[in-house]
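Colleague: My questions will all concern the structure given below.
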Amino acid sequence: MTRVLFAAKPNRWEEYREVLPAALREAGVDAEIVQLGEADPATVDWIVYAPNSALQDFGPYTALKGVLNLWAGVEDVEGNRTLRAPLARMVDAGLTQGMVEWVVGHVLRHHLGMDAHVANPEHRWHDAAPPLAADRPVAMLGMGALGSACASALAQLGFPVTGWSRSPKRVEGVRSVTGEDGLREALGGAEIAVLLVPHTRSTEDLMDARRLAWMRPGAVLLNPGRGALVVEDALLEALDRGHLAHATLDTHRVEPLPEGHPFWSHPKVTVTPHVASATRPATAARVIAENVRRGEAGEPLLHLVDRSEALA
Ligand SMILES: NC(=O)c1ccc[n+]([C@@H]2O[C@H](COP(=O)([O-])OP(=O)(O)OC[C@H]3O[C@@H](n4cnc5c(N)ncnc54)[C@H](OP(=O)(O)O)[C@@H]3O)[C@@H](O)[C@H]2O)c1
């Protein structure tokens, strides 16, 4: 029997109490699930992990075979020097679908100019029809599990999409670019840019004054990625001088976004409280169970994290 420790905020267990044992059973894994403090750490084989859990020192887990992250973002665990076992991040169909819905929804809001009709106290007759999607190029920064699904959904709606990533990608209807020149090309050609790269040493402050200036005048920035991708002062400056039309920010350097932060009251900023997407326990449990099955069978784990660009 393999021992699985569930290490997340205690209220999360309720969501996994039924689905995780069921998924492990379905995967044919003979597992015992324990909570923090219930077992000698030296006897734990796998940790199902949320980076905001009380567990931050993996040192005592001497027999650990792997840490299975419940979140897509791993920036708060991948740099943990006490963790020597493999780390897998969450790629979950439910999480991906949620992000596709958020990104498509917010792209359509700006594309269709919905705000003019939603709040129209002077009853102005805004009768200019918006352009078609084909005339609204979008840049997708990050073409991983989430970015490629969002890029594909937008391409299917007719948006010309350019996707930027470290390595070239093949996604139907999406032009792939890489490197600094590719980034400049993607940003310079887009009216809406979406950030879906992870927060690493090389992506921190990605959208600084120089790269924000590469965006087209009147463009819109959507950031469901991570707050640290954007230099806040540079973004405010670009909005204030009219270079950018709007920023919709789901992720923030400090969360919850502090009361009094300029983003809350800025007329060209929409704040959403890190709700773009969430791990869905029913589908995520199957991903975790499959990885435990693989690990126990000596097969390679899915979604292993390359920790070479981890933040300290
Ligand atoms: N707001 C929310 O609710 C929410 C929910 C879930 C996730 N997220 C965020 O979304 C992020 C992306 O998730 P994911 O599952 O799509 O991650 P992923 O599969 O690891 O994809 C990351 C993408 O970013 C690219 N990338 C990484 N570093 C880069 C660099 N230095 N230059 C250019 N491209 C780079 C990767 O390129 P290669 O493929 O070439 O390596 C890959 O295409 C997460 O890390 C998290 O921060 C937010």
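We name chains A, B, ... following the order of the structure tokens; residues begin at 1 in each chain, and ligands are numbered from 1 as shown.
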What do you get as a list in words if you pick all residues at most 6 Å from ligand 1, counting only C-alpha atoms and all ligand atoms?

Modeller: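 Checked against 6 Å with only C-alpha atoms and all ligand atoms; the hits are Ala72, Gly73, Val91, Gly142, Met143, Gly144, Ala145, Leu146, Gly147, Ser165, Arg166, Ser167, Leu196, Val197, Pro198, His199, Ser202, Thr203, Pro224, Gly225, Arg226, Asp250, Thr251, His274, Val275, Ala276, Ser277 and Ala278 of chain A.
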
Colleague: For Asn223 of chain A, find every residue with an atom within 9 Å (counting only C-alpha atoms), except residues of its own chain fewer than 5 positions away, and show them as a PyMOL selection string.

Modeller: chain A and resi 193-196+229-230+247-252

Colleague: Just to be explicit: take each residue in the selection above, keep N, CA, C and O atoms, and write the result as a PDB file, in the first residue's frame.

Modeller:
```pdb
ATOM      1  N   ALA A 193      -3.612  41.708 -25.608  1.00  0.00           N
ATOM      2  CA  ALA A 193      -2.537  40.785 -25.224  1.00  0.00           C
ATOM      3  C   ALA A 193      -2.934  40.084 -23.926  1.00  0.00           C
ATOM      4  O   ALA A 193      -3.456  40.715 -22.996  1.00  0.00           O
ATOM      5  N   VAL A 194      -2.687  38.785 -23.890  1.00  0.00           N
ATOM      6  CA  VAL A 194      -3.071  37.963 -22.722  1.00  0.00           C
ATOM      7  C   VAL A 194      -1.801  37.352 -22.149  1.00  0.00           C
ATOM      8  O   VAL A 194      -1.003  36.757 -22.888  1.00  0.00           O
ATOM      9  N   LEU A 195      -1.610  37.472 -20.820  1.00  0.00           N
ATOM     10  CA  LEU A 195      -0.404  36.921 -20.187  1.00  0.00           C
ATOM     11  C   LEU A 195      -0.722  35.582 -19.539  1.00  0.00           C
ATOM     12  O   LEU A 195      -1.485  35.517 -18.571  1.00  0.00           O
ATOM     13  N   LEU A 196      -0.125  34.513 -20.057  1.00  0.00           N
ATOM     14  CA  LEU A 196      -0.306  33.190 -19.440  1.00  0.00           C
ATOM     15  C   LEU A 196       1.018  32.432 -19.377  1.00  0.00           C
ATOM     16  O   LEU A 196       1.081  31.230 -19.630  1.00  0.00           O
ATOM     17  N   LEU A 229       4.347  39.455 -13.325  1.00  0.00           N
ATOM     18  CA  LEU A 229       4.727  39.584 -14.736  1.00  0.00           C
ATOM     19  C   LEU A 229       4.686  41.045 -15.185  1.00  0.00           C
ATOM     20  O   LEU A 229       5.258  41.388 -16.213  1.00  0.00           O
ATOM     21  N   VAL A 230       3.975  41.874 -14.411  1.00  0.00           N
ATOM     22  CA  VAL A 230       3.734  43.259 -14.844  1.00  0.00           C
ATOM     23  C   VAL A 230       4.377  44.246 -13.871  1.00  0.00           C
ATOM     24  O   VAL A 230       4.221  44.112 -12.655  1.00  0.00           O
ATOM     25  N   ALA A 247      -6.641  47.665 -18.795  1.00  0.00           N
ATOM     26  CA  ALA A 247      -5.973  46.454 -18.303  1.00  0.00           C
ATOM     27  C   ALA A 247      -6.970  45.714 -17.419  1.00  0.00           C
ATOM     28  O   ALA A 247      -7.593  46.318 -16.537  1.00  0.00           O
ATOM     29  N   THR A 248      -7.133  44.440 -17.682  1.00  0.00           N
ATOM     30  CA  THR A 248      -7.978  43.596 -16.827  1.00  0.00           C
ATOM     31  C   THR A 248      -7.050  42.632 -16.121  1.00  0.00           C
ATOM     32  O   THR A 248      -6.371  41.816 -16.758  1.00  0.00           O
ATOM     33  N   LEU A 249      -6.990  42.775 -14.809  1.00  0.00           N
ATOM     34  CA  LEU A 249      -5.959  42.085 -14.022  1.00  0.00           C
ATOM     35  C   LEU A 249      -6.618  41.118 -13.045  1.00  0.00           C
ATOM     36  O   LEU A 249      -7.340  41.537 -12.134  1.00  0.00           O
ATOM     37  N   ASP A 250      -6.342  39.840 -13.234  1.00  0.00           N
ATOM     38  CA  ASP A 250      -6.889  38.827 -12.328  1.00  0.00           C
ATOM     39  C   ASP A 250      -5.875  38.454 -11.252  1.00  0.00           C
ATOM     40  O   ASP A 250      -6.243  37.923 -10.211  1.00  0.00           O
ATOM     41  N   THR A 251      -4.586  38.690 -11.557  1.00  0.00           N
ATOM     42  CA  THR A 251      -3.540  38.307 -10.614  1.00  0.00           C
ATOM     43  C   THR A 251      -2.745  39.544 -10.243  1.00  0.00           C
ATOM     44  O   THR A 251      -2.613  40.483 -11.046  1.00  0.00           O
ATOM     45  N   HIS A 252      -2.221  39.553  -9.027  1.00  0.00           N
ATOM     46  CA  HIS A 252      -1.669  40.770  -8.454  1.00  0.00           C
ATOM     47  C   HIS A 252      -0.425  40.442  -7.646  1.00  0.00           C
ATOM     48  O   HIS A 252      -0.295  39.328  -7.135  1.00  0.00           O
TER      49      HIS A 252
END
```

Colleague: Determine which residues of segment 45-189 of chain A DSSP labels as strand (DSSP E or B) from the backbone of this structure, then write them out as a ChimeraX atom specification.

Modeller: /A:46-49,66-69,87-88,138-141,161-165,171,174-178

Colleague: Got a sec to tell me which of segment 203-265 of chain A DSSP assigns to alpha helix (DSSP H), as a ChimeraX atom specification?

Modeller: /A:209-214,232-240,262-265

Colleague: Using only C-alpha atoms, can you tell me which of A:Leu70, A:Leu64, A:Ala133, A:Ala22 comes closest to Val107 of chain A?

Modeller: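 Of all the options, A:Ala133 lies closest to Val107 of chain A.
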
Colleague: Please list as a list in words every residue within 8 Å of Ala85 of chain A, counting only C-alpha atoms and excluding residues in the same chain fewer than 5 positions away.

Modeller: Leu64, Lys65, Gly66 and Val67 of chain A

Colleague: So which one's closest to Ala39 of chain A, A:Ala282, A:Val4, A:Ala27, A:Leu20? Using only C-alpha atoms, please.

Modeller: A:Val4

Colleague: Just the residues within 10 Å of Arg280 of chain A, please, counting only C-alpha atoms, with nothing from its chain fewer than 3 positions along; format it as a PyMOL selection string.

Modeller: chain A and resi 15-16+70+92-98+277+283-285

Colleague: Can you pull out the residues contacting Ser53 of chain A? Cut-off 10 Å, using only C-alpha atoms, and skip same-chain residues under 2 positions away; I want them as a PyMOL selection string.

Modeller: chain A and resi 6-10+36+49-51+55-56

Colleague: Extract, using only C-alpha atoms, all DNA, RNA and protein residues at most 9 Å from Ser176 of chain A, discarding same-chain residues fewer than 4 positions from it, and format them as a list of chain:residue names.

Modeller: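 Everything that qualifies: A:Met143, A:Val161, A:Thr162, A:Gly163, A:Trp164, A:Ser165, A:Ser167, A:Pro168, A:Lys169, A:Arg170, A:Val171, A:Gly182.
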
Colleague: Neighbouring residues of Arg184 of chain A were defined as those with any atom within 9 Å, considering only C-alpha atoms; residues of the same chain fewer than 6 positions away were excluded. Please report them as number ranges by chain.

Modeller: A: 211, 214-215

Colleague: Deliver the residues from the most recent selection as a file, using C-alpha atoms, as an mmCIF file, in the first residue's frame.

Modeller:
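Below is the file that was written, part.cif:
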```cif
data_model
loop_
_atom_site.group_PDB
_atom_site.id
_atom_site.type_symbol
_atom_site.label_atom_id
_atom_site.label_comp_id
_atom_site.auth_asym_id
_atom_site.auth_seq_id
_atom_site.Cartn_x
_atom_site.Cartn_y
_atom_site.Cartn_z
ATOM 1 C CA ARG A 211 7.680 46.103 -23.643
ATOM 2 C CA TRP A 214 5.761 47.780 -27.933
ATOM 3 C CA MET A 215 2.004 47.321 -27.614
#
```

Colleague: For a test of reading the model, state the distance in Å between atom CA of Ala31 of chain A and atom CA of Leu68 of chain A, rounded to one decimal.

Modeller: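 These two atoms are separated by 14.8 Å.
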
Colleague: Give the answer as one residue: which of A:His123, A:Ala234, A:Ala245, A:Val138 has the shortest atom-to-atom distance to Gly188 of chain A, using only C-alpha atoms?

Modeller: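 Between A:His123, A:Ala234, A:Ala245, A:Val138, the residue approaching Gly188 of chain A most closely is A:Val138.
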
Colleague: Identify which of the residues A:Leu108, A:Leu222, A:Val118, A:Val34 lies closest to Pro130 of chain A, counting only C-alpha atoms when measuring atom-to-atom distances.

Modeller: A:Leu108

Colleague: When distances are computed from only C-alpha atoms, which of A:Val174, A:Leu83, A:Leu257, A:Val292 shows the smallest separation from Arg3 of chain A?

Modeller: A:Val292

Colleague: So what do you get for atom CA of Leu24 of chain A versus atom CA of Phe58 of chain A, distance-wise?

Modeller: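 Between atom CA of Leu24 of chain A and atom CA of Phe58 of chain A the gap is 23.3 Å.
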